[in-house]
file structure-v2.cif (mmCIF, C-alpha atoms)
data_upload
#
loop_
_atom_site.label_atom_id
_atom_site.label_comp_id
_atom_site.auth_asym_id
_atom_site.auth_seq_id
_atom_site.Cartn_x
_atom_site.Cartn_y
_atom_site.Cartn_z
CA MET A 1 -1.94 17.66 -22.22
CA LYS A 2 -0.62 14.29 -23.33
CA THR A 3 -2.83 11.24 -23.63
CA VAL A 4 -1.25 8.03 -22.38
CA GLY A 5 -2.75 4.60 -22.98
CA VAL A 6 -2.49 2.09 -20.15
CA LEU A 7 -2.81 -1.49 -21.41
CA LEU A 8 -4.28 -3.71 -18.69
CA SER A 9 -4.43 -7.52 -18.67
CA GLY A 10 -6.96 -8.44 -15.97
CA CYS A 11 -6.97 -7.77 -12.22
CA GLY A 12 -4.52 -9.63 -9.98
CA VAL A 13 -0.83 -10.51 -10.19
CA TYR A 14 -1.18 -14.27 -10.81
CA ASP A 15 -3.69 -14.21 -13.68
CA GLY A 16 -4.03 -10.54 -14.64
CA VAL A 17 -2.35 -7.19 -14.24
CA GLU A 18 -0.16 -6.60 -11.18
CA ILE A 19 -2.58 -4.30 -9.35
CA HIS A 20 0.01 -2.19 -7.48
CA GLU A 21 1.98 -1.56 -10.68
CA ALA A 22 -1.18 -0.57 -12.56
CA VAL A 23 -2.38 1.79 -9.82
CA LEU A 24 1.10 3.31 -9.37
CA THR A 25 1.17 3.93 -13.13
CA LEU A 26 -2.20 5.74 -12.98
CA LEU A 27 -0.99 7.74 -9.94
CA ALA A 28 2.25 8.83 -11.65
CA LEU A 29 0.40 9.76 -14.87
CA ASP A 30 -2.21 11.81 -12.99
CA LYS A 31 0.44 13.56 -10.85
CA GLN A 32 2.43 14.39 -13.97
CA GLY A 33 -0.61 15.87 -15.74
CA ALA A 34 -1.33 13.22 -18.38
CA THR A 35 -4.77 12.22 -19.63
CA ILE A 36 -5.22 8.50 -18.99
CA LEU A 37 -6.87 6.08 -21.43
CA CYS A 38 -7.17 2.57 -19.99
CA MET A 39 -7.69 -0.31 -22.40
CA ALA A 40 -7.63 -4.11 -22.45
CA PRO A 41 -8.33 -6.89 -24.94
CA ASP A 42 -11.87 -8.36 -24.92
CA MET A 43 -10.89 -12.02 -24.41
CA GLU A 44 -11.22 -14.82 -21.91
CA GLN A 45 -8.40 -14.96 -19.33
CA TYR A 46 -5.91 -17.80 -19.78
CA HIS A 47 -7.12 -18.97 -16.37
CA VAL A 48 -8.31 -17.74 -12.97
CA VAL A 49 -5.97 -18.23 -10.00
CA ASP A 50 -6.96 -18.27 -6.33
CA HIS A 51 -4.53 -15.64 -5.00
CA ILE A 52 -4.30 -17.31 -1.58
CA THR A 53 -3.48 -20.87 -2.66
CA GLY A 54 -1.87 -19.97 -5.99
CA GLU A 55 -3.94 -22.74 -7.63
CA ALA A 56 -5.95 -22.37 -10.84
CA THR A 57 -9.72 -22.65 -10.37
CA ASP A 58 -12.50 -23.69 -12.78
CA GLN A 59 -13.84 -20.13 -13.07
CA LYS A 60 -13.83 -18.13 -16.27
CA ARG A 61 -13.27 -14.38 -16.39
CA ASN A 62 -12.92 -11.81 -19.17
CA VAL A 63 -9.75 -9.68 -19.36
CA LEU A 64 -11.57 -6.47 -20.34
CA ILE A 65 -14.26 -6.82 -17.66
CA GLU A 66 -11.75 -7.65 -14.89
CA SER A 67 -9.43 -4.83 -16.00
CA ALA A 68 -12.38 -2.45 -15.54
CA ARG A 69 -12.04 -3.05 -11.77
CA VAL A 70 -8.60 -1.40 -11.81
CA ALA A 71 -9.87 1.40 -14.08
CA ARG A 72 -13.04 2.10 -12.01
CA GLY A 73 -15.12 1.31 -15.11
CA GLU A 74 -13.31 3.87 -17.31
CA ILE A 75 -11.91 1.50 -19.91
CA GLN A 76 -12.01 0.88 -23.66
CA ASP A 77 -11.84 -2.29 -25.70
CA LEU A 78 -8.28 -2.37 -27.06
CA LYS A 79 -9.53 -3.09 -30.58
CA THR A 80 -11.24 0.34 -30.72
CA ILE A 81 -8.01 2.27 -29.91
CA ALA A 82 -5.52 3.45 -32.52
CA ALA A 83 -2.01 4.75 -31.83
CA SER A 84 -3.11 8.05 -33.43
CA GLN A 85 -5.19 8.68 -30.26
CA LEU A 86 -2.16 8.26 -27.97
CA ASP A 87 1.06 10.11 -27.21
CA ALA A 88 2.50 7.14 -25.34
CA LEU A 89 1.57 3.65 -24.14
CA VAL A 90 2.38 2.01 -20.78
CA ILE A 91 2.05 -1.72 -20.09
CA PRO A 92 2.08 -2.67 -16.38
CA GLY A 93 3.23 -6.19 -15.44
CA GLY A 94 1.71 -9.19 -13.72
CA PHE A 95 1.15 -12.67 -15.15
CA GLY A 96 -1.67 -11.23 -17.25
CA ALA A 97 1.02 -9.79 -19.53
CA ALA A 98 2.58 -13.25 -19.89
CA LYS A 99 -0.66 -15.28 -20.01
CA ASN A 100 -3.25 -12.99 -21.66
CA LEU A 101 -1.47 -10.26 -23.66
CA THR A 102 1.03 -12.93 -24.78
CA ASN A 103 1.62 -16.61 -23.99
CA PHE A 104 5.19 -15.93 -22.77
CA ALA A 105 4.53 -17.74 -19.44
CA ILE A 106 3.71 -20.91 -21.38
CA LYS A 107 5.78 -20.67 -24.57
CA GLY A 108 8.86 -18.73 -23.41
CA LYS A 109 11.03 -17.68 -26.36
CA ASP A 110 8.36 -18.91 -28.82
CA ALA A 111 5.76 -16.55 -27.35
CA GLU A 112 3.20 -14.81 -29.51
CA ALA A 113 1.16 -11.73 -28.65
CA HIS A 114 -2.63 -11.38 -28.90
CA PRO A 115 -3.33 -9.89 -32.37
CA GLU A 116 -4.68 -6.58 -30.99
CA VAL A 117 -1.72 -6.25 -28.60
CA SER A 118 0.60 -6.84 -31.53
CA ARG A 119 -1.28 -4.25 -33.62
CA ILE A 120 -1.19 -1.42 -31.05
CA ILE A 121 2.51 -1.98 -30.23
CA ASN A 122 3.44 -2.05 -33.92
CA GLU A 123 1.39 1.11 -34.55
CA MET A 124 3.12 2.92 -31.66
CA ALA A 125 6.58 1.85 -32.87
CA ASP A 126 5.80 2.80 -36.49
CA ALA A 127 4.61 6.23 -35.32
CA GLY A 128 7.79 6.74 -33.26
CA LYS A 129 5.77 7.08 -30.05
CA PRO A 130 7.21 5.93 -26.71
CA ILE A 131 6.25 2.73 -24.91
CA GLY A 132 6.80 2.08 -21.20
CA ALA A 133 6.92 -1.56 -20.11
CA ILE A 134 6.93 -2.57 -16.43
CA CYS A 135 7.99 -5.82 -14.70
CA ILE A 136 7.53 -8.75 -17.14
CA SER A 137 5.92 -6.58 -19.87
CA PRO A 138 9.21 -5.99 -21.72
CA ALA A 139 8.67 -9.61 -22.84
CA VAL A 140 5.38 -8.51 -24.46
CA VAL A 141 7.10 -5.70 -26.36
CA THR A 142 9.95 -8.00 -27.43
CA ALA A 143 7.52 -10.68 -28.66
CA VAL A 144 6.06 -8.04 -31.01
CA LEU A 145 9.11 -5.94 -31.93
CA LYS A 146 11.75 -8.71 -32.00
CA HIS A 147 13.00 -7.60 -35.43
CA ARG A 148 13.93 -4.22 -33.90
CA HIS A 149 16.06 -5.91 -31.18
CA PRO A 150 14.74 -3.72 -28.37
CA GLU A 151 16.96 -3.08 -25.34
CA MET A 152 15.17 -3.50 -22.01
CA THR A 153 15.35 -4.62 -18.40
CA ILE A 154 13.38 -7.04 -16.26
CA GLY A 155 15.85 -6.65 -13.37
CA ASN A 156 18.21 -9.57 -12.81
CA ASP A 157 16.24 -12.79 -13.46
CA TYR A 158 18.68 -14.36 -15.90
CA GLU A 159 16.50 -17.30 -16.92
CA THR A 160 13.69 -14.99 -18.01
CA ALA A 161 16.19 -12.56 -19.56
CA GLU A 162 17.63 -15.46 -21.58
CA ALA A 163 14.20 -16.26 -23.05
CA ILE A 164 13.74 -12.57 -23.95
CA GLU A 165 17.17 -12.49 -25.60
CA ALA A 166 16.33 -15.69 -27.50
CA MET A 167 13.31 -13.81 -28.95
CA GLY A 168 15.57 -11.00 -30.19
CA GLY A 169 15.70 -8.59 -27.28
CA VAL A 170 18.77 -7.24 -25.51
CA HIS A 171 18.56 -7.42 -21.72
CA MET A 172 20.27 -4.92 -19.40
CA PRO A 173 20.40 -5.51 -15.60
CA CYS A 174 18.77 -2.75 -13.53
CA THR A 175 17.73 -1.99 -9.93
CA VAL A 176 14.07 -1.55 -8.90
CA ASP A 177 14.30 2.22 -8.46
CA GLN A 178 15.79 2.79 -11.93
CA ILE A 179 14.74 2.59 -15.58
CA HIS A 180 16.43 1.46 -18.76
CA VAL A 181 15.94 3.63 -21.83
CA ASP A 182 16.25 2.29 -25.38
CA GLU A 183 16.56 5.66 -27.15
CA LYS A 184 16.38 4.17 -30.63
CA ASN A 185 13.14 2.27 -30.04
CA LYS A 186 11.74 4.80 -27.52
CA LEU A 187 11.21 1.95 -25.09
CA VAL A 188 11.45 2.65 -21.33
CA THR A 189 11.46 -0.28 -18.87
CA THR A 190 11.67 -0.83 -15.09
CA PRO A 191 11.83 -4.10 -13.10
CA ALA A 192 9.12 -3.32 -10.48
CA TYR A 193 7.93 -6.57 -8.82
CA MET A 194 10.37 -8.67 -10.87
CA LEU A 195 12.62 -7.41 -8.05
CA GLY A 196 10.40 -5.86 -5.38
CA PRO A 197 10.91 -5.84 -2.43
CA GLY A 198 7.98 -3.56 -1.60
CA ILE A 199 5.45 -1.14 -3.04
CA LYS A 200 7.46 1.99 -2.13
CA ASP A 201 10.47 0.67 -4.07
CA VAL A 202 8.37 -0.29 -7.09
CA ALA A 203 6.78 3.18 -7.04
CA LEU A 204 10.19 4.85 -7.56
CA GLY A 205 10.93 3.06 -10.83
CA ILE A 206 7.40 3.54 -12.15
CA GLU A 207 7.49 7.30 -11.39
CA ARG A 208 10.76 7.57 -13.31
CA LEU A 209 9.37 5.53 -16.21
CA VAL A 210 6.31 7.76 -16.53
CA GLU A 211 8.45 10.90 -16.31
CA LYS A 212 10.68 9.61 -19.10
CA ILE A 213 7.93 8.52 -21.50
CA LEU A 214 6.19 11.90 -21.04
CA ALA A 215 9.49 13.65 -21.77
CA ILE A 216 9.93 11.64 -24.98
CA ALA A 217 6.26 11.94 -26.06
CA MET B 1 8.17 -0.39 13.71
CA LYS B 2 4.39 -0.13 13.96
CA THR B 3 2.08 -2.83 12.61
CA VAL B 4 -0.98 -1.54 10.81
CA GLY B 5 -3.89 -3.75 9.82
CA VAL B 6 -5.54 -3.03 6.47
CA LEU B 7 -9.09 -4.40 6.35
CA LEU B 8 -10.03 -5.26 2.76
CA SER B 9 -13.52 -6.08 1.43
CA GLY B 10 -12.95 -7.68 -1.99
CA CYS B 11 -11.36 -6.31 -5.15
CA GLY B 12 -13.15 -3.63 -7.17
CA VAL B 13 -15.05 -0.46 -6.32
CA TYR B 14 -18.61 -1.67 -7.10
CA ASP B 15 -18.61 -4.94 -5.13
CA GLY B 16 -15.36 -4.91 -3.14
CA VAL B 17 -12.62 -2.62 -1.94
CA GLU B 18 -11.88 0.53 -3.95
CA ILE B 19 -8.60 -0.68 -5.48
CA HIS B 20 -6.89 2.72 -5.78
CA GLU B 21 -7.68 3.59 -2.15
CA ALA B 22 -6.38 0.22 -0.96
CA VAL B 23 -3.15 0.46 -2.96
CA LEU B 24 -2.58 4.11 -1.95
CA THR B 25 -3.01 3.02 1.68
CA LEU B 26 -0.37 0.30 1.26
CA LEU B 27 1.95 2.78 -0.49
CA ALA B 28 1.61 5.41 2.26
CA LEU B 29 2.14 2.79 4.99
CA ASP B 30 5.25 1.38 3.30
CA LYS B 31 6.69 4.87 2.65
CA GLN B 32 6.10 5.82 6.27
CA GLY B 33 7.84 2.69 7.58
CA ALA B 34 4.90 0.66 8.88
CA THR B 35 4.59 -3.12 8.80
CA ILE B 36 1.44 -4.00 6.85
CA LEU B 37 -0.97 -6.77 7.83
CA CYS B 38 -3.77 -7.21 5.28
CA MET B 39 -6.92 -9.02 6.35
CA ALA B 40 -10.46 -9.66 5.15
CA PRO B 41 -13.49 -11.66 6.29
CA ASP B 42 -13.88 -15.18 4.87
CA MET B 43 -17.40 -14.78 3.44
CA GLU B 44 -19.25 -14.74 0.14
CA GLN B 45 -19.47 -11.32 -1.50
CA TYR B 46 -22.91 -9.66 -1.37
CA HIS B 47 -22.78 -9.88 -5.17
CA VAL B 48 -20.42 -9.62 -8.17
CA VAL B 49 -20.73 -6.55 -10.40
CA ASP B 50 -19.54 -6.25 -14.01
CA HIS B 51 -17.43 -3.08 -13.69
CA ILE B 52 -18.15 -2.03 -17.29
CA THR B 53 -21.96 -2.29 -17.28
CA GLY B 54 -22.43 -1.74 -13.55
CA GLU B 55 -24.85 -4.70 -13.52
CA ALA B 56 -24.79 -7.57 -11.01
CA THR B 57 -23.90 -10.95 -12.51
CA ASP B 58 -24.72 -14.51 -11.40
CA GLN B 59 -21.12 -15.20 -10.31
CA LYS B 60 -20.12 -15.91 -6.73
CA ARG B 61 -16.82 -14.75 -5.24
CA ASN B 62 -15.28 -14.87 -1.76
CA VAL B 63 -14.24 -11.62 -0.06
CA LEU B 64 -11.02 -13.04 1.43
CA ILE B 65 -9.89 -14.71 -1.82
CA GLU B 66 -10.63 -11.61 -3.96
CA SER B 67 -8.95 -9.32 -1.40
CA ALA B 68 -5.81 -11.47 -1.79
CA ARG B 69 -5.47 -9.99 -5.32
CA VAL B 70 -4.90 -6.53 -3.83
CA ALA B 71 -2.56 -7.97 -1.19
CA ARG B 72 -0.51 -10.07 -3.65
CA GLY B 73 -1.45 -13.18 -1.65
CA GLU B 74 -0.17 -11.77 1.68
CA ILE B 75 -3.43 -11.77 3.60
CA GLN B 76 -4.95 -13.22 6.77
CA ASP B 77 -8.47 -14.32 7.60
CA LEU B 78 -9.88 -11.49 9.74
CA LYS B 79 -11.11 -13.95 12.36
CA THR B 80 -7.51 -14.95 13.19
CA ILE B 81 -6.41 -11.36 13.94
CA ALA B 82 -6.70 -9.70 17.36
CA ALA B 83 -6.30 -5.98 18.08
CA SER B 84 -3.36 -6.93 20.34
CA GLN B 85 -1.36 -7.69 17.14
CA LEU B 86 -1.98 -4.21 15.71
CA ASP B 87 -0.95 -0.64 16.49
CA ALA B 88 -3.61 0.78 14.16
CA LEU B 89 -6.27 -0.31 11.67
CA VAL B 90 -7.13 1.25 8.30
CA ILE B 91 -10.31 0.51 6.33
CA PRO B 92 -10.21 1.60 2.66
CA GLY B 93 -13.54 2.33 0.93
CA GLY B 94 -15.45 0.95 -2.02
CA PHE B 95 -18.91 -0.66 -2.02
CA GLY B 96 -17.34 -3.72 -0.37
CA ALA B 97 -17.34 -1.73 2.87
CA ALA B 98 -21.06 -1.03 2.45
CA LYS B 99 -22.07 -4.44 1.04
CA ASN B 100 -19.67 -6.97 2.62
CA LEU B 101 -18.18 -5.48 5.81
CA THR B 102 -21.62 -4.04 6.58
CA ASN B 103 -24.98 -3.89 4.80
CA PHE B 104 -25.02 -0.06 4.84
CA ALA B 105 -25.64 0.12 1.06
CA ILE B 106 -28.85 -1.88 1.54
CA LYS B 107 -30.05 -0.97 5.04
CA GLY B 108 -28.77 2.60 5.44
CA LYS B 109 -29.20 3.84 9.02
CA ASP B 110 -30.24 0.32 10.15
CA ALA B 111 -26.94 -1.17 8.93
CA GLU B 112 -25.19 -3.94 10.82
CA ALA B 113 -21.56 -5.00 10.52
CA HIS B 114 -20.25 -8.52 9.86
CA PRO B 115 -19.60 -10.04 13.34
CA GLU B 116 -15.81 -10.23 12.82
CA VAL B 117 -15.69 -6.63 11.55
CA SER B 118 -17.65 -5.58 14.61
CA ARG B 119 -15.28 -7.55 16.87
CA ILE B 120 -12.01 -6.08 15.52
CA ILE B 121 -13.34 -2.50 15.55
CA ASN B 122 -14.62 -2.88 19.11
CA GLU B 123 -11.30 -4.40 20.20
CA MET B 124 -9.35 -1.51 18.65
CA ALA B 125 -11.61 1.07 20.27
CA ASP B 126 -11.48 -0.65 23.67
CA ALA B 127 -7.67 -0.75 23.45
CA GLY B 128 -7.53 2.97 22.57
CA LYS B 129 -5.82 2.22 19.25
CA PRO B 130 -6.40 4.47 16.23
CA ILE B 131 -8.62 3.59 13.28
CA GLY B 132 -8.39 5.21 9.86
CA ALA B 133 -11.51 5.03 7.66
CA ILE B 134 -11.49 6.08 4.01
CA CYS B 135 -14.32 7.04 1.63
CA ILE B 136 -17.55 5.28 2.75
CA SER B 137 -15.82 3.27 5.51
CA PRO B 138 -16.67 5.80 8.25
CA ALA B 139 -20.15 4.27 7.91
CA VAL B 140 -18.65 0.90 8.89
CA VAL B 141 -17.03 2.37 12.01
CA THR B 142 -20.22 4.22 12.96
CA ALA B 143 -22.34 1.09 12.54
CA VAL B 144 -20.13 -0.58 15.16
CA LEU B 145 -19.27 2.33 17.49
CA LYS B 146 -22.59 4.25 17.30
CA HIS B 147 -22.80 4.47 21.12
CA ARG B 148 -19.53 6.46 21.10
CA HIS B 149 -20.97 9.02 18.63
CA PRO B 150 -17.82 9.14 16.47
CA GLU B 151 -17.06 12.30 14.51
CA MET B 152 -16.08 11.66 10.90
CA THR B 153 -16.22 12.84 7.30
CA ILE B 154 -17.36 11.29 4.05
CA GLY B 155 -16.92 14.60 2.20
CA ASN B 156 -20.12 16.45 1.34
CA ASP B 157 -22.73 13.84 0.33
CA TYR B 158 -25.48 15.01 2.66
CA GLU B 159 -27.88 12.11 2.03
CA THR B 160 -25.25 9.56 3.06
CA ALA B 161 -24.10 11.80 5.93
CA GLU B 162 -27.70 11.93 7.16
CA ALA B 163 -27.87 8.12 7.32
CA ILE B 164 -24.58 8.07 9.26
CA GLU B 165 -25.88 10.71 11.68
CA ALA B 166 -29.09 8.71 12.11
CA MET B 167 -26.91 5.78 13.25
CA GLY B 168 -25.27 7.96 15.90
CA GLY B 169 -22.29 9.49 14.10
CA VAL B 170 -21.43 13.17 13.77
CA HIS B 171 -20.56 14.21 10.20
CA MET B 172 -18.11 17.02 9.40
CA PRO B 173 -17.69 18.27 5.78
CA CYS B 174 -14.14 17.95 4.41
CA THR B 175 -12.22 18.32 1.12
CA VAL B 176 -10.54 15.38 -0.61
CA ASP B 177 -6.99 16.42 0.32
CA GLN B 178 -7.80 16.74 4.04
CA ILE B 179 -8.65 14.52 6.99
CA HIS B 180 -10.98 14.82 9.93
CA VAL B 181 -9.64 13.73 13.31
CA ASP B 182 -11.90 12.61 16.17
CA GLU B 183 -9.34 12.93 18.97
CA LYS B 184 -11.58 11.33 21.58
CA ASN B 185 -12.29 8.19 19.57
CA LYS B 186 -8.90 8.18 17.77
CA LEU B 187 -10.76 7.98 14.46
CA VAL B 188 -9.19 9.57 11.36
CA THR B 189 -11.26 9.86 8.16
CA THR B 190 -10.83 11.23 4.62
CA PRO B 191 -13.39 11.44 1.76
CA ALA B 192 -11.23 9.95 -1.06
CA TYR B 193 -13.47 8.81 -3.97
CA MET B 194 -16.63 10.00 -2.17
CA LEU B 195 -15.35 13.24 -3.73
CA GLY B 196 -12.59 12.38 -6.22
CA PRO B 197 -11.96 13.81 -8.75
CA GLY B 198 -8.80 11.80 -9.49
CA ILE B 199 -6.25 9.43 -8.04
CA LYS B 200 -3.67 12.16 -7.29
CA ASP B 201 -6.24 14.06 -5.19
CA VAL B 202 -7.33 10.93 -3.32
CA ALA B 203 -3.67 10.12 -2.63
CA LEU B 204 -3.19 13.41 -0.69
CA GLY B 205 -5.92 12.67 1.85
CA ILE B 206 -4.83 9.05 2.29
CA GLU B 207 -1.19 10.06 2.89
CA ARG B 208 -2.35 12.50 5.58
CA LEU B 209 -4.62 9.88 7.14
CA VAL B 210 -1.76 7.35 7.37
CA GLU B 211 0.60 9.97 8.79
CA LYS B 212 -1.95 10.87 11.48
CA ILE B 213 -2.83 7.34 12.56
CA LEU B 214 0.90 6.49 12.81
CA ALA B 215 1.42 9.63 14.92
CA ILE B 216 -1.41 8.61 17.27
CA ALA B 217 -0.42 4.90 17.41
#
call {"tool": "encode", "arguments": {"input": "structure-v2.cif", "output": "structure tokens"}}
result
Amino acid sequence: MKTVGVLLSGCGVYDGVEIHEAVLTLLALDKQGATILCMAPDMEQYHVVDHITGEATDQKRNVLIESARVARGEIQDLKTIAASQLDALVIPGGFGAAKNLTNFAIKGKDAEAHPEVSRIINEMADAGKPIGAICISPAVVTAVLKHRHPEMTIGNDYETAEAIEAMGGVHMPCTVDQIHVDEKNKLVTTPAYMLGPGIKDVALGIERLVEKILAIA
Amino acid sequence: MKTVGVLLSGCGVYDGVEIHEAVLTLLALDKQGATILCMAPDMEQYHVVDHITGEATDQKRNVLIESARVARGEIQDLKTIAASQLDALVIPGGFGAAKNLTNFAIKGKDAEAHPEVSRIINEMADAGKPIGAICISPAVVTAVLKHRHPEMTIGNDYETAEAIEAMGGVHMPCTVDQIHVDEKNKLVTTPAYMLGPGIKDVALGIERLVEKILAIA
């Protein structure tokens, strides 16, 4: 039985993890027989967004505590997890990846990752263990592994792809039901809600991504 | 194309909708070709629970605004939706059903539903349109339709089943991968996380529930 870490970034597409992508990842992992280990950094969210108006509010929320909603309470503080405990790592998307795990949504090509996010991704890469990155999360992996020039997809959003390439990544266009595999870096990516259009389409790419990272692991 | 309402109750199992059940409902509806209409009551949550400690906090959150996280912003205020717009209604579980949509978690057999929840369920029943209720949500339907003595399942939790029967419902034991169908009342139920054990098991019952309510609709 393989243990797969799922790195969450809050709870809600505009300020945290994209909930559908996270749940579809857990579903695919459970169906394919993996042991799931959810984790998130213990930090304040960049901000809290009202998901009806799209406006930021004056609330404060913690990424680890909000991520626990997606994980039904079964979650670990990222700083307590080492790559040695994992066979693979998956990072679902949502603005939480670009506002909490990194500041890519604010800094673009100059983005930096949270220190613990940087540590776990570097540990996985150094150990030759596969990473799956969904939606905008390939930007997180690139921000950390830019010196390895990882190949990845975020679909066909060329402005965002340009920022990722400026960091050192290599972007490949891809449809929502497919994955891109960087064999050298053991990085598997799928566009998910960078393309949509709906949950059933997003599910196809995520199922394939999970299948591939379990095959590599 | 059939339009199915999905009645949400927040965002997180301990104070809102059970996120996996809600997302699996959306997935099954999209895969089976339904048009989805998410809705929730515009009301303050009963309380806000830290999903790591399980303790209530002093925060305040709104059920409609938190539900929008699960719906990616595509959500309507329940009070604006009439049964005439829907072919079927599904109510995922989570404590939000028992704390926000009703007060079943506090009052047990003396539970009452939020007036708008009561209205939409009565309208659906009067129109002979099917309702799907997942996990603890059969308690919501029973609180409203007690005079119709609906037959339903919440799995095998006999204490909770007793409270539902005291309201006027008829409880039938059921496994997580199966559904119970009350043909007379067009009510379809499945235990989901009342039983667990995992997301792949819960998904089986929810897929069957969606298939059945679409067949009846």
call {"tool": "closest_atom_pairs", "arguments": {"input": "structure-v2.cif", "of": "chain B", "to": "chain A", "cutoff": "7 Å", "atoms": "all atoms listed in the file", "output": "CSV"}}
result
residue,atom,partner,partner_atom,distance
B:Gly12,CA,A:Arg69,CA,4.8
B:Val13,CA,A:Arg72,CA,6.6
B:Ile19,CA,A:Val70,CA,6.4
B:His20,CA,A:Val23,CA,6.1
B:Val23,CA,A:His20,CA,6.1
B:Leu27,CA,A:Lys200,CA,5.8
B:Asp30,CA,A:Lys200,CA,5.9
B:Lys31,CA,A:Lys200,CA,5.6
B:Asp50,CA,A:Ile65,CA,6.4
B:His51,CA,A:Gly73,CA,5.2
B:Ile52,CA,A:Gly73,CA,5.0
B:Ile65,CA,A:Ile52,CA,6.2
B:Ala68,CA,A:His51,CA,5.4
B:Arg69,CA,A:Gly12,CA,4.8
B:Val70,CA,A:Ile19,CA,6.4
B:Arg72,CA,A:Val13,CA,6.6
B:Gly73,CA,A:Ile52,CA,5.0
B:Ile199,CA,A:Leu27,CA,5.8
B:Lys200,CA,A:Lys31,CA,5.6
call {"tool": "atom_distance", "arguments": {"input": "structure-v2.cif", "atom1": "CA of His180 in chain B", "atom2": "CA of Thr35 in chain B"}}
result
23.8 Å
call {"tool": "atom_distance", "arguments": {"input": "structure-v2.cif", "atom1": "CA of Ala113 in chain B", "atom2": "CA of Leu7 in chain B"}}
result
13.2 Å
call {"tool": "atom_distance", "arguments": {"input": "structure-v2.cif", "atom1": "CA of Pro138 in chain A", "atom2": "CA of Gly10 in chain B"}}
result
29.7 Å
call {"tool": "closest_atom_pairs", "arguments": {"input": "structure-v2.cif", "of": "range 139-176 of chain A", "to": "range 185-189 of chain A", "cutoff": "9 Å", "atoms": "all atoms listed in the file", "output": "tab-separated table"}}
result
residue	atom	partner	partner_atom	distance
A:Val141	CA	A:Leu187	CA	8.8
A:Arg148	CA	A:Asn185	CA	7.6
A:His149	CA	A:Asn185	CA	8.8
A:Pro150	CA	A:Asn185	CA	6.4
A:Glu151	CA	A:Leu187	CA	7.6
A:Met152	CA	A:Thr189	CA	5.8
A:Thr153	CA	A:Thr189	CA	5.8
A:Ile154	CA	A:Thr189	CA	7.5
call {"tool": "residues_around", "arguments": {"input": "structure-v2.cif", "residues": "Val4 in chain B", "least_positions_apart": "2", "cutoff": "9 Å", "atoms": "all atoms listed in the file", "output": "ChimeraX atom specification"}}
result
/B:2,6,29,34-38,85-90,214
call {"tool": "closest_residue", "arguments": {"input": "structure-v2.cif", "among": "A:Ser84, A:Thr190, A:Thr160, A:Thr142", "to": "Ser118 in chain A", "atoms": "all atoms listed in the file"}}
result
A:Thr142
call {"tool": "resolve_selection", "arguments": {"input": "structure-v2.cif", "expression": "the PyMOL selection byres ((chain A and resi 134) around 6)", "output": "ChimeraX atom specification"}}
result
/A:92-93,133,135,137,189-190
call {"tool": "resolve_selection", "arguments": {"input": "structure-v2.cif", "expression": "the PyMOL selection byres ((chain A and resi 107) around 12)", "output": "VMD selection string"}}
result
chain A and resid 98 to 99 102 to 106 108 to 113 139 143 160 163 to 164 167
call {"tool": "resolve_selection", "arguments": {"input": "structure-v2.cif", "expression": "the PyMOL selection byres ((chain B and resi 82) around 9)", "output": "ChimeraX atom specification"}}
result
/B:78-81,83-86,119-120,123-124
call {"tool": "closest_residue", "arguments": {"input": "structure-v2.cif", "among": "A:Met43, A:Ile179, A:Ala125, A:Ala161", "to": "Asn62 in chain A", "atoms": "all atoms listed in the file"}}
result
A:Met43
call {"tool": "axis_aligned_box", "arguments": {"input": "structure-v2.cif", "around": "range 92-104 of chain B", "padding_each_side": "3 Å", "output": "JSON"}}
result
{"center_x": -17.6, "center_y": -2.3, "center_z": 2.3, "size_x": 20.8, "size_y": 15.3, "size_z": 14.6}
call {"tool": "closest_residue", "arguments": {"input": "structure-v2.cif", "among": "A:His114, A:His47, A:Lys146, A:Lys184", "to": "Pro130 in chain A", "atoms": "only C-alpha atoms"}}
result
A:Lys184
call {"tool": "closest_residue", "arguments": {"input": "structure-v2.cif", "among": "B:Ala217, B:Val144, B:Met1, B:Ile91", "to": "Lys129 in chain B", "atoms": "all atoms listed in the file"}}
result
B:Ala217
call {"tool": "closest_residue", "arguments": {"input": "structure-v2.cif", "among": "A:Gly5, A:Gly132, A:Pro41, A:Pro115", "to": "Asp182 in chain A", "atoms": "all atoms listed in the file"}}
result
A:Gly132
